[in-house]
Every structure is written in structure tokens, then in C-alpha cells.
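J.: This is input-v8.tsv, which holds TSV, C-alpha atoms:
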chain	number	residue	atom	x	y	z
A	1	MET	CA	72.84	87.12	98.99
A	2	GLU	CA	75.23	86.66	96.05
A	3	GLU	CA	78.18	84.34	96.39
A	4	GLN	CA	81.77	85.34	95.84
A	5	PRO	CA	82.88	84.89	92.22
A	6	VAL	CA	85.50	82.26	91.44
A	7	PRO	CA	88.88	83.91	90.71
A	8	ALA	CA	90.85	83.26	87.55
A	9	ASP	CA	93.09	80.19	87.55
A	10	GLU	CA	96.51	80.35	89.18
A	11	GLN	CA	98.38	80.83	85.90
A	12	VAL	CA	96.38	83.98	85.13
A	13	VAL	CA	96.84	85.27	88.68
A	14	GLY	CA	100.57	84.53	88.62
A	15	ALA	CA	100.96	86.31	85.28
A	16	ALA	CA	98.95	89.34	86.42
A	17	LEU	CA	101.03	89.92	89.55
A	18	PRO	CA	104.28	91.87	88.98
A	19	LYS	CA	107.61	90.17	89.66
A	20	ASP	CA	110.50	91.34	91.82
A	21	GLY	CA	112.54	92.42	88.80
A	22	GLN	CA	110.13	95.32	88.28
A	23	LEU	CA	110.78	96.49	91.83
A	24	VAL	CA	114.54	96.54	91.21
A	25	ARG	CA	114.15	98.63	88.05
A	26	TRP	CA	111.74	100.97	89.84
A	27	LEU	CA	114.08	101.46	92.80
A	28	LEU	CA	116.99	102.20	90.47
A	29	ALA	CA	115.01	104.77	88.47
A	30	VAL	CA	113.57	106.53	91.53
A	31	SER	CA	116.91	106.57	93.38
A	32	LEU	CA	118.76	108.03	90.39
A	33	THR	CA	116.09	110.71	90.03
A	34	TYR	CA	116.38	111.59	93.72
A	35	LEU	CA	120.18	111.74	93.56
A	36	ALA	CA	120.01	113.99	90.51
A	37	ALA	CA	117.69	116.38	92.37
A	38	ALA	CA	119.94	116.28	95.44
A	39	ALA	CA	123.03	116.97	93.30
A	40	LEU	CA	121.31	119.97	91.72
A	41	LEU	CA	120.38	121.39	95.12
A	42	ALA	CA	123.93	120.75	96.37
A	43	TRP	CA	125.31	122.67	93.39
A	44	LEU	CA	122.94	125.55	94.10
A	45	SER	CA	124.03	125.63	97.76
A	46	GLY	CA	127.56	126.67	96.82
A	47	ALA	CA	129.96	126.35	99.75
A	48	GLN	CA	127.62	124.02	101.65
A	49	ALA	CA	127.54	121.43	98.85
A	50	LEU	CA	129.27	118.68	100.84
A	51	ARG	CA	126.97	119.16	103.82
A	52	VAL	CA	123.92	119.06	101.58
A	53	LEU	CA	125.10	115.86	99.88
A	54	GLY	CA	125.85	114.26	103.25
A	55	PHE	CA	122.34	115.10	104.44
A	56	ALA	CA	120.86	113.79	101.19
A	57	VAL	CA	122.55	110.40	101.67
A	58	ASP	CA	122.57	109.86	105.43
A	59	VAL	CA	119.02	110.91	106.30
A	60	PRO	CA	117.23	108.62	103.80
A	61	MET	CA	119.38	105.65	104.80
A	62	ALA	CA	118.52	106.14	108.48
A	63	LEU	CA	114.81	106.65	107.81
A	64	LEU	CA	114.58	103.64	105.49
A	65	ALA	CA	116.28	101.40	108.06
A	66	LEU	CA	113.84	102.60	110.73
A	67	ALA	CA	110.90	102.02	108.39
A	68	VAL	CA	111.95	98.42	107.75
A	69	ILE	CA	112.06	97.73	111.50
A	70	ILE	CA	108.61	99.30	111.97
A	71	ARG	CA	107.16	97.30	109.07
A	72	LEU	CA	108.43	94.01	110.49
A	73	ALA	CA	107.00	94.86	113.90
A	74	ARG	CA	103.65	95.81	112.36
A	75	LEU	CA	103.46	92.56	110.40
A	76	ARG	CA	104.06	90.51	113.55
A	77	GLN	CA	101.51	92.56	115.49
A	78	VAL	CA	98.80	92.04	112.86
A	79	CYS	CA	99.46	88.30	112.60
A	80	ARG	CA	99.20	87.89	116.38
A	81	SER	CA	96.28	90.25	117.00
A	82	ARG	CA	93.37	88.59	118.80
A	83	ALA	CA	90.98	91.18	117.34
A	84	LEU	CA	91.52	89.68	113.89
A	85	ARG	CA	90.42	86.20	112.92
A	86	PRO	CA	92.11	84.15	110.19
A	87	ALA	CA	90.41	83.52	106.86
A	88	LEU	CA	91.27	81.30	103.92
A	89	LEU	CA	92.65	82.62	100.67
A	90	ALA	CA	90.94	81.25	97.55
A	91	PRO	CA	93.03	78.33	96.19
A	92	GLN	CA	93.51	80.03	92.82
A	93	LEU	CA	94.78	83.21	94.47
A	94	ALA	CA	97.02	81.30	96.88
A	95	ALA	CA	98.58	79.31	94.04
A	96	GLY	CA	98.93	82.43	91.91
A	97	VAL	CA	100.77	84.46	94.54
A	98	ALA	CA	103.05	81.47	95.17
A	99	LEU	CA	103.91	81.49	91.46
A	100	ALA	CA	104.66	85.21	91.83
A	101	GLY	CA	107.19	84.43	94.57
A	102	ILE	CA	105.12	85.11	97.72
A	103	PRO	CA	104.58	81.71	99.35
A	104	ASP	CA	103.23	82.96	102.70
A	105	VAL	CA	100.18	85.23	102.43
A	106	ARG	CA	97.74	85.28	105.35
A	107	VAL	CA	94.29	86.82	105.48
A	108	ARG	CA	92.90	88.39	108.64
A	109	VAL	CA	89.34	89.68	109.13
A	110	GLY	CA	88.09	92.11	111.75
A	111	THR	CA	85.33	94.58	112.56
A	112	ARG	CA	87.62	97.60	112.50
A	113	ALA	CA	89.94	96.32	109.79
A	114	VAL	CA	90.03	98.00	106.39
A	115	GLY	CA	91.34	96.74	103.10
A	116	ARG	CA	95.08	96.91	103.65
A	117	SER	CA	98.15	94.76	103.22
A	118	TYR	CA	101.60	94.44	104.75
A	119	ARG	CA	104.63	92.64	103.40
A	120	ALA	CA	108.08	91.81	104.73
A	121	GLY	CA	110.24	89.64	102.49
A	122	ARG	CA	108.23	86.62	101.35
A	123	HIS	CA	105.65	86.98	104.12
A	124	ALA	CA	102.52	89.11	103.82
A	125	VAL	CA	99.13	89.66	105.42
A	126	VAL	CA	95.92	91.06	103.93
A	127	LEU	CA	93.32	92.71	106.19
A	128	LEU	CA	89.60	92.62	105.38
A	129	ASN	CA	86.54	94.16	106.97
A	130	ASP	CA	83.96	91.56	108.03
A	131	GLY	CA	81.15	93.99	107.14
A	132	LEU	CA	82.26	93.87	103.51
A	133	LEU	CA	82.36	90.08	103.61
A	134	GLU	CA	78.81	89.87	104.93
A	135	GLN	CA	77.13	92.70	103.02
A	136	VAL	CA	78.88	92.65	99.62
A	137	PRO	CA	80.47	89.20	99.18
A	138	LEU	CA	80.58	89.77	95.43
A	139	ALA	CA	83.18	92.51	95.92
A	140	THR	CA	85.39	90.55	98.31
A	141	THR	CA	87.37	88.64	95.68
A	142	PHE	CA	88.35	91.87	93.94
A	143	VAL	CA	89.34	93.55	97.22
A	144	VAL	CA	91.59	90.61	98.09
A	145	ALA	CA	93.11	90.53	94.59
A	146	HIS	CA	93.65	94.30	94.72
A	147	GLU	CA	95.55	93.96	98.00
A	148	LEU	CA	97.56	91.06	96.57
A	149	GLY	CA	98.56	93.48	93.83
A	150	HIS	CA	99.95	95.80	96.50
A	151	VAL	CA	101.76	92.85	98.07
A	152	ALA	CA	103.31	91.72	94.79
A	153	ARG	CA	104.35	95.26	93.93
A	154	HIS	CA	106.09	95.69	97.33
A	155	ASP	CA	103.98	98.82	97.79
A	156	SER	CA	104.74	99.09	101.51
A	157	LEU	CA	108.42	99.42	100.54
A	158	ARG	CA	107.73	101.66	97.55
A	159	GLN	CA	105.57	104.01	99.61
A	160	THR	CA	108.29	104.31	102.22
A	161	VAL	CA	110.94	105.06	99.60
A	162	VAL	CA	108.79	107.69	97.89
A	163	ALA	CA	107.87	109.35	101.20
A	164	VAL	CA	111.47	109.44	102.43
A	165	TYR	CA	112.84	110.81	99.17
A	166	LEU	CA	110.13	113.46	98.83
A	167	VAL	CA	110.37	114.64	102.43
A	168	THR	CA	114.18	114.79	102.23
A	169	THR	CA	114.02	116.69	98.95
A	170	LEU	CA	111.57	119.16	100.48
A	171	ALA	CA	113.86	119.63	103.49
A	172	LEU	CA	116.81	120.27	101.16
A	173	THR	CA	114.71	122.75	99.19
A	174	VAL	CA	113.92	124.71	102.35
A	175	TRP	CA	117.59	124.58	103.35
A	176	VAL	CA	119.06	125.68	100.02
A	177	LEU	CA	116.50	127.83	98.23
A	178	PRO	CA	115.10	131.21	99.30
A	179	PRO	CA	111.52	131.36	100.65
A	180	ALA	CA	110.16	132.07	97.17
A	181	GLY	CA	111.28	128.60	96.12
A	182	TRP	CA	109.63	126.81	99.03
A	183	ALA	CA	106.15	127.03	97.52
A	184	VAL	CA	107.43	125.51	94.29
A	185	GLY	CA	109.01	122.69	96.27
A	186	VAL	CA	105.81	121.99	98.21
A	187	LEU	CA	103.69	121.94	95.05
A	188	ALA	CA	106.16	119.66	93.30
A	189	VAL	CA	106.21	117.22	96.23
A	190	LEU	CA	102.41	117.16	96.48
A	191	GLY	CA	102.09	116.65	92.74
A	192	LEU	CA	104.58	113.78	92.67
A	193	ALA	CA	103.02	112.14	95.74
A	194	THR	CA	99.54	112.29	94.22
A	195	THR	CA	100.81	110.99	90.89
A	196	TYR	CA	102.45	108.05	92.60
A	197	THR	CA	99.48	107.10	94.79
A	198	TRP	CA	96.93	107.38	91.99
A	199	SER	CA	99.11	105.37	89.62
A	200	ARG	CA	99.64	102.71	92.28
A	201	GLU	CA	95.94	102.30	93.03
A	202	LEU	CA	94.94	102.18	89.36
A	203	ASP	CA	97.57	99.53	88.67
A	204	CYS	CA	96.29	97.39	91.55
A	205	ASP	CA	92.72	97.90	90.31
A	206	ARG	CA	93.77	96.46	86.95
A	207	ILE	CA	95.52	93.56	88.65
A	208	GLY	CA	92.44	92.91	90.78
A	209	SER	CA	90.17	92.98	87.75
A	210	ARG	CA	92.33	90.49	85.85
A	211	CYS	CA	92.45	88.15	88.85
A	212	ALA	CA	88.88	88.47	90.16
A	213	GLY	CA	86.94	89.36	87.03
A	214	GLN	CA	85.11	92.53	86.05
A	215	ARG	CA	81.89	91.52	87.82
A	216	SER	CA	83.54	91.50	91.22
A	217	ALA	CA	85.61	94.59	90.35
A	218	VAL	CA	82.61	96.72	89.34
A	219	ALA	CA	80.71	95.63	92.46
A	220	ALA	CA	83.64	96.75	94.60
A	221	ILE	CA	83.95	100.14	92.89
A	222	GLU	CA	80.22	100.74	93.32
A	223	THR	CA	80.52	99.80	96.99
A	224	PHE	CA	83.38	102.28	97.46
A	225	GLY	CA	81.14	104.97	95.98
A	226	ARG	CA	78.53	104.35	98.69
A	227	LEU	CA	81.03	104.49	101.54
A	228	ARG	CA	81.28	108.03	102.88
A	229	THR	CA	82.96	109.25	106.04
A	230	ALA	CA	81.84	112.25	108.05
A	231	ASN	CA	85.43	113.15	108.93
A	232	PRO	CA	86.57	115.92	106.53
A	233	LEU	CA	90.25	115.07	107.04
A	234	LEU	CA	89.64	111.45	106.08
A	235	ARG	CA	87.69	112.58	103.01
A	236	LEU	CA	90.57	114.83	101.97
A	237	TRP	CA	93.08	112.03	102.50
A	238	ALA	CA	90.95	109.65	100.44
A	239	GLN	CA	90.93	112.15	97.56
A	240	VAL	CA	94.71	112.53	97.68
A	241	SER	CA	95.58	108.86	98.16
A	242	HIS	CA	93.03	107.37	95.74
A	243	PRO	CA	91.98	108.47	92.25
A	244	PRO	CA	88.37	109.39	91.42
A	245	LEU	CA	86.00	106.45	91.16
A	246	SER	CA	85.41	107.24	87.49
A	247	LEU	CA	89.08	106.53	86.76
A	248	ARG	CA	89.01	103.39	88.88
A	249	ARG	CA	85.94	102.11	87.07
A	250	ASN	CA	87.63	102.70	83.72
A	251	ALA	CA	90.69	100.84	84.99
A	252	VAL	CA	88.78	97.71	86.00
A	253	LEU	CA	86.81	97.73	82.74
A	254	ASP	CA	90.05	98.02	80.73
A	255	PRO	CA	92.55	96.05	82.84
A	256	GLU	CA	95.03	95.46	80.01
A	257	ARG	CA	95.84	99.16	79.71
A	258	THR	CA	99.39	100.00	80.80
A	259	CYS	CA	99.93	102.31	83.76
A	260	GLY	CA	102.10	105.36	84.29
A	261	TRP	CA	105.79	105.89	84.77
A	262	PHE	CA	105.62	105.35	88.55
A	263	GLY	CA	104.23	101.81	88.12
A	264	PRO	CA	105.18	98.66	86.23
A	265	ARG	CA	104.01	98.24	82.66
A	266	ASP	CA	102.39	95.06	81.39
With the file now loaded, output its structure as C-alpha cells.
T.:
Amino acid sequence: MEEQPVPADEQVVGAALPKDGQLVRWLLAVSLTYLAAAALLAWLSGAQALRVLGFAVDVPMALLALAVIIRLARLRQVCRSRALRPALLAPQLAAGVALAGIPDVRVRVGTRAVGRSYRAGRHAVVLLNDGLLEQVPLATTFVVAHELGHVARHDSLRQTVVAVYLVTTLALTVWVLPPAGWAVGVLAVLGLATTYTWSRELDCDRIGSRCAGQRSAVAAIETFGRLRTANPLLRLWAQVSHPPLSLRRNAVLDPERTCGWFGPRD
């Protein structure tokens, strides 16, 4: 059985992980885009413009506040779960994420766990599947580094913001536009959601490759290609939420390439 590869040193890891300033710029750009779309729909609504604008502001604020509460509760639940056992983060990765401004990152391993991460403030947890650790240890370093990319990007927050804005925009579209415009709204929302999720995953693949090395990254991508689920809904969700493996392989082999407009640039 092959051993896990040694990650890059902490300076490389710290430089590869995005900083909080990128999140601020991203939030500003996405919020201004949402407000512009809401203002256009309010203008199209005519006499109901004030009601539409009130809905466009109040609903996202309430949903985002609720999402923050749920995320904090989920982070506590994962950290205290007896079904998950603690694991150590590689020293280079631990030092690197500390340099990136995330001093408290915990790793939890379980039989039913999948590669996933949660973050609230400066605290985060990364979940790993023990089957991956035992069967493909070579891929583990990349999987951890990939999830640390999500943590550093604040992707739990970004995903919530994107989902709230898109759902609210779709609701406003149904409210304001005639039925002929609903299909356009649905297609636009699906297209933007897919663009965001694919861009996010490819960016974290590049981060993982820079931190863990291409050997671990390629092993992980090949492992993902062998993992198939019999559930058609899960297969469909995987295709929407993650880009094709050919794109992911290209990303880990060329990790210095900049990503799209929904993700931070190098």
C-alpha cells in the first residue's frame, strides 16, 4: 500500500489558499449584480415596484440569517458526533491554513462521511471517509487540501449567498414576468448555478494540486472516476454540482491557470 505524499511546505500552502479580501470583493460583486437584477424586475413590475424591492431586500436577509444559525449548529454537531473520530492534519497543511487566517481546522473521519467541509468564522472541520484513507491513501492528501480550499474560500457562505440570491431572483421573475418569461428565468438560474459550482470545484482542485502535488491529485481524480452510485438522482446531482472529470484532471495538471469570474484569480 502506498503512503500518503508529503504536502508542500506551509509557505506554499499559505500562498495557495485565498485570503478573506477575495471574499469581500466577491460578495460586493455578487450583491451588486443581484440588486441590479432586482431593480430591473422592480421597474418592469410598474405599480408594484416598492413591494418587489421590499421582497428583494427582506427575504434574502432573513434567509441568510437563518442559514448562518444552521451552519453554526451543523459545525457543533459534526465536532461532537460520536460516529466520527478525530484525525491529525499534516503539519504543513495545519501551518499553511493558519497563515491563511484559519487557526482552528479539525479533521473528522467516519464510515459514512464524505469529503466535505464546514466553516464558521475562524473555526472549520473537514470530513473524510475512512474507506478512502485505507484503500487509496495516496489520494487523501489532495482530498484534504481540496476541502481546505473550500474552507479558505468560505464556500459554505458563498454557496448560501448564491442559492439565496438565485432563488429570490427566480421568485421575483415568477411574480413580475408573464409565464413565457418563467422558462427563461429557470434556465438562467440553472446556468448560473452550474457555472458557480463548476468554477468553485475547479478552483479548489487547483488549490489542492498546488498544496498536495500532482501525484496525489491525479490519484484522487482517478479514484473519483471509479466511484459510481446506483441512485440516478445522486448521479444527476453529481453532474450538476461537479464538472466532468476531464476538466478536473486538466485543472490539477495545470494548477496555475486562473479560474472564472465566480472564483478568485491567482
J.: Which polymer residues have any atom within 12 Å of an atom of range 201-203 of chain A, counting only C-alpha atoms, with same-chain residues fewer than 5 positions away left out, as an mmCIF file with C-alpha atoms, in the frame of the given file?
T.:
data_model
loop_
_atom_site.group_PDB
_atom_site.id
_atom_site.type_symbol
_atom_site.label_atom_id
_atom_site.label_comp_id
_atom_site.auth_asym_id
_atom_site.auth_seq_id
_atom_site.Cartn_x
_atom_site.Cartn_y
_atom_site.Cartn_z
ATOM 1 C CA ALA A 16 98.950 89.340 86.420
ATOM 2 C CA LEU A 17 101.030 89.920 89.550
ATOM 3 C CA PRO A 18 104.280 91.870 88.980
ATOM 4 C CA ARG A 116 95.080 96.910 103.650
ATOM 5 C CA VAL A 143 89.340 93.550 97.220
ATOM 6 C CA ALA A 145 93.110 90.530 94.590
ATOM 7 C CA HIS A 146 93.650 94.300 94.720
ATOM 8 C CA GLU A 147 95.550 93.960 98.000
ATOM 9 C CA LEU A 148 97.560 91.060 96.570
ATOM 10 C CA GLY A 149 98.560 93.480 93.830
ATOM 11 C CA HIS A 150 99.950 95.800 96.500
ATOM 12 C CA ALA A 152 103.310 91.720 94.790
ATOM 13 C CA ARG A 153 104.350 95.260 93.930
ATOM 14 C CA ASP A 155 103.980 98.820 97.790
ATOM 15 C CA GLN A 159 105.570 104.010 99.610
ATOM 16 C CA THR A 194 99.540 112.290 94.220
ATOM 17 C CA THR A 195 100.810 110.990 90.890
ATOM 18 C CA TYR A 196 102.450 108.050 92.600
ATOM 19 C CA GLY A 208 92.440 92.910 90.780
ATOM 20 C CA SER A 209 90.170 92.980 87.750
ATOM 21 C CA ARG A 210 92.330 90.490 85.850
ATOM 22 C CA ILE A 221 83.950 100.140 92.890
ATOM 23 C CA ALA A 238 90.950 109.650 100.440
ATOM 24 C CA GLN A 239 90.930 112.150 97.560
ATOM 25 C CA VAL A 240 94.710 112.530 97.680
ATOM 26 C CA SER A 241 95.580 108.860 98.160
ATOM 27 C CA HIS A 242 93.030 107.370 95.740
ATOM 28 C CA PRO A 243 91.980 108.470 92.250
ATOM 29 C CA PRO A 244 88.370 109.390 91.420
ATOM 30 C CA LEU A 245 86.000 106.450 91.160
ATOM 31 C CA SER A 246 85.410 107.240 87.490
ATOM 32 C CA LEU A 247 89.080 106.530 86.760
ATOM 33 C CA ARG A 248 89.010 103.390 88.880
ATOM 34 C CA ARG A 249 85.940 102.110 87.070
ATOM 35 C CA ASN A 250 87.630 102.700 83.720
ATOM 36 C CA ALA A 251 90.690 100.840 84.990
ATOM 37 C CA VAL A 252 88.780 97.710 86.000
ATOM 38 C CA LEU A 253 86.810 97.730 82.740
ATOM 39 C CA ASP A 254 90.050 98.020 80.730
ATOM 40 C CA PRO A 255 92.550 96.050 82.840
ATOM 41 C CA GLU A 256 95.030 95.460 80.010
ATOM 42 C CA ARG A 257 95.840 99.160 79.710
ATOM 43 C CA THR A 258 99.390 100.000 80.800
ATOM 44 C CA CYS A 259 99.930 102.310 83.760
ATOM 45 C CA GLY A 260 102.100 105.360 84.290
ATOM 46 C CA TRP A 261 105.790 105.890 84.770
ATOM 47 C CA PHE A 262 105.620 105.350 88.550
ATOM 48 C CA GLY A 263 104.230 101.810 88.120
ATOM 49 C CA PRO A 264 105.180 98.660 86.230
ATOM 50 C CA ARG A 265 104.010 98.240 82.660
ATOM 51 C CA ASP A 266 102.390 95.060 81.390
#
J.: Quick one: residues within 8 Å of Val164 in chain A, all atoms listed in the file, excluding same-chain residues fewer than 2 positions away - as a PyMOL selection string?
T.: chain A and resi 60+63-64+160-162+166-168
J.: For Leu172 in chain A, which of A:Leu27, A:Leu44, A:Ala100, A:Ala15 is the closest residue, counting only C-alpha atoms?
T.: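 Of A:Leu27, A:Leu44, A:Ala100, A:Ala15, the one nearest Leu172 in chain A, counting only C-alpha atoms, is A:Leu44.
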J.: Please list as a list in words every residue within 6 Å of range 216-218 of chain A, counting all atoms listed in the file and excluding residues in the same chain fewer than 6 positions away.
T.: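 Listing them by chain and then by number gives Leu138, Ala139, Phe142 and Ser209 of chain A.
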J.: What's the separation between CA of Ala95 in chain A and CA of Thr111 in chain A, in Å to one decimal place?
T.: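 Taking CA of Ala95 in chain A and CA of Thr111 in chain A, their separation equals 27.4 Å.
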J.: Provide the CA of Ala67 in chain A to CA of Ser156 in chain A distance in Å, to one decimal place.
T.: 9.7 Å
J.: Just give me the gap between CA of Trp175 in chain A and CA of Trp198 in chain A in Å, one decimal is fine.
T.: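 Taking CA of Trp175 in chain A as the start and CA of Trp198 in chain A as the end point, the length is 29.2 Å.
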J.: Taking only C-alpha atoms into account, name the residue in A:Val24, A:Ala83, A:Leu233, A:Val176 that is nearest to Ala47 in chain A.
T.: A:Val176
J.: Around all listed atoms of range 28-31 of chain A, padded 3 Å per side, what centre and edge lengths does the axis-aligned box have in Å to one decimal, as JSON?
T.:
{"center_x": 115.3, "center_y": 104.4, "center_z": 90.9, "size_x": 9.4, "size_y": 10.4, "size_z": 10.9}
J.: When distances are computed from all atoms listed in the file, which of A:Val144, A:Ile70, A:Ala180, A:Arg80 shows the smallest separation from Ala94 in chain A?
T.: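 Using all atoms listed in the file, the shortest distance to Ala94 in chain A belongs to A:Val144.
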J.: When you look at Ser45 in chain A with a cut-off of 12 Å (counting all atoms listed in the file), what residues show up, excluding the ones that are within fewer than 3 positions of it in the same chain? I need them as a list of chain:residue names.
T.: A:Ala38, A:Ala39, A:Leu40, A:Leu41, A:Ala42, A:Gln48, A:Ala49, A:Leu50, A:Arg51, A:Val52, A:Leu53, A:Leu172, A:Thr173, A:Val174, A:Trp175, A:Val176, A:Leu177, A:Pro178
J.: Compare A:Val13, A:Leu132, A:Val151, A:Ala219 by their minimum atom-to-atom distance to Pro91 in chain A, counting all atoms listed in the file, and give me the closest one.
T.: A:Val13
J.: Using the partial input, fill out range 59-87 of chain A with N, CA and C atoms; write the result as a CSV table (one decimal), in the coordinates of the input.
T.:
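The resulting file, out24.csv, is reproduced below:
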chain,number,residue,atom,x,y,z
A,59,VAL,N,120.4,110.9,105.8
A,59,VAL,CA,119.0,110.9,106.3
A,59,VAL,C,118.1,109.8,105.7
A,60,PRO,N,118.1,109.7,104.4
A,60,PRO,CA,117.2,108.6,103.8
A,60,PRO,C,117.6,107.2,104.3
A,61,MET,N,118.9,107.0,104.4
A,61,MET,CA,119.4,105.6,104.8
A,61,MET,C,118.9,105.4,106.2
A,62,ALA,N,119.0,106.3,107.1
A,62,ALA,CA,118.5,106.1,108.5
A,62,ALA,C,117.0,106.0,108.5
A,63,LEU,N,116.3,106.8,107.8
A,63,LEU,CA,114.8,106.6,107.8
A,63,LEU,C,114.3,105.3,107.2
A,64,LEU,N,115.0,104.9,106.1
A,64,LEU,CA,114.6,103.6,105.5
A,64,LEU,C,114.8,102.5,106.4
A,65,ALA,N,116.0,102.5,107.1
A,65,ALA,CA,116.3,101.4,108.1
A,65,ALA,C,115.2,101.4,109.2
A,66,LEU,N,114.9,102.5,109.7
A,66,LEU,CA,113.8,102.6,110.7
A,66,LEU,C,112.5,102.1,110.2
A,67,ALA,N,112.2,102.4,109.0
A,67,ALA,CA,110.9,102.0,108.4
A,67,ALA,C,110.8,100.5,108.2
A,68,VAL,N,111.9,99.9,107.9
A,68,VAL,CA,112.0,98.4,107.8
A,68,VAL,C,111.7,97.8,109.1
A,69,ILE,N,112.3,98.3,110.2
A,69,ILE,CA,112.1,97.7,111.5
A,69,ILE,C,110.6,97.9,111.9
A,70,ILE,N,110.0,99.1,111.6
A,70,ILE,CA,108.6,99.3,112.0
A,70,ILE,C,107.7,98.4,111.2
A,71,ARG,N,108.0,98.2,109.9
A,71,ARG,CA,107.2,97.3,109.1
A,71,ARG,C,107.2,95.9,109.6
A,72,LEU,N,108.3,95.4,109.9
A,72,LEU,CA,108.4,94.0,110.5
A,72,LEU,C,107.6,93.9,111.8
A,73,ALA,N,107.7,94.9,112.6
A,73,ALA,CA,107.0,94.9,113.9
A,73,ALA,C,105.5,94.9,113.6
A,74,ARG,N,105.1,95.7,112.7
A,74,ARG,CA,103.6,95.8,112.4
A,74,ARG,C,103.1,94.5,111.8
A,75,LEU,N,103.9,93.8,111.0
A,75,LEU,CA,103.5,92.6,110.4
A,75,LEU,C,103.3,91.5,111.5
A,76,ARG,N,104.2,91.5,112.4
A,76,ARG,CA,104.1,90.5,113.6
A,76,ARG,C,102.8,90.9,114.4
A,77,GLN,N,102.6,92.1,114.7
A,77,GLN,CA,101.5,92.6,115.5
A,77,GLN,C,100.2,92.2,114.9
A,78,VAL,N,100.0,92.4,113.6
A,78,VAL,CA,98.8,92.0,112.9
A,78,VAL,C,98.6,90.5,112.9
A,79,CYS,N,99.6,89.8,112.6
A,79,CYS,CA,99.5,88.3,112.6
A,79,CYS,C,99.1,87.7,114.0
A,80,ARG,N,99.5,88.4,115.0
A,80,ARG,CA,99.2,87.9,116.4
A,80,ARG,C,98.0,88.5,117.0
A,81,SER,N,97.4,89.5,116.4
A,81,SER,CA,96.3,90.2,117.0
A,81,SER,C,95.1,89.3,117.2
A,82,ARG,N,94.5,89.4,118.5
A,82,ARG,CA,93.4,88.6,118.8
A,82,ARG,C,92.1,89.2,118.3
A,83,ALA,N,92.2,90.5,117.9
A,83,ALA,CA,91.0,91.2,117.3
A,83,ALA,C,90.7,90.8,115.9
A,84,LEU,N,91.7,90.1,115.3
A,84,LEU,CA,91.5,89.7,113.9
A,84,LEU,C,91.5,88.2,113.8
A,85,ARG,N,90.5,87.6,113.1
A,85,ARG,CA,90.4,86.2,112.9
A,85,ARG,C,91.0,85.8,111.5
A,86,PRO,N,91.6,84.6,111.5
A,86,PRO,CA,92.1,84.2,110.2
A,86,PRO,C,91.0,83.8,109.2
A,87,ALA,N,91.3,83.9,107.9
A,87,ALA,CA,90.4,83.5,106.9
A,87,ALA,C,91.2,82.8,105.8
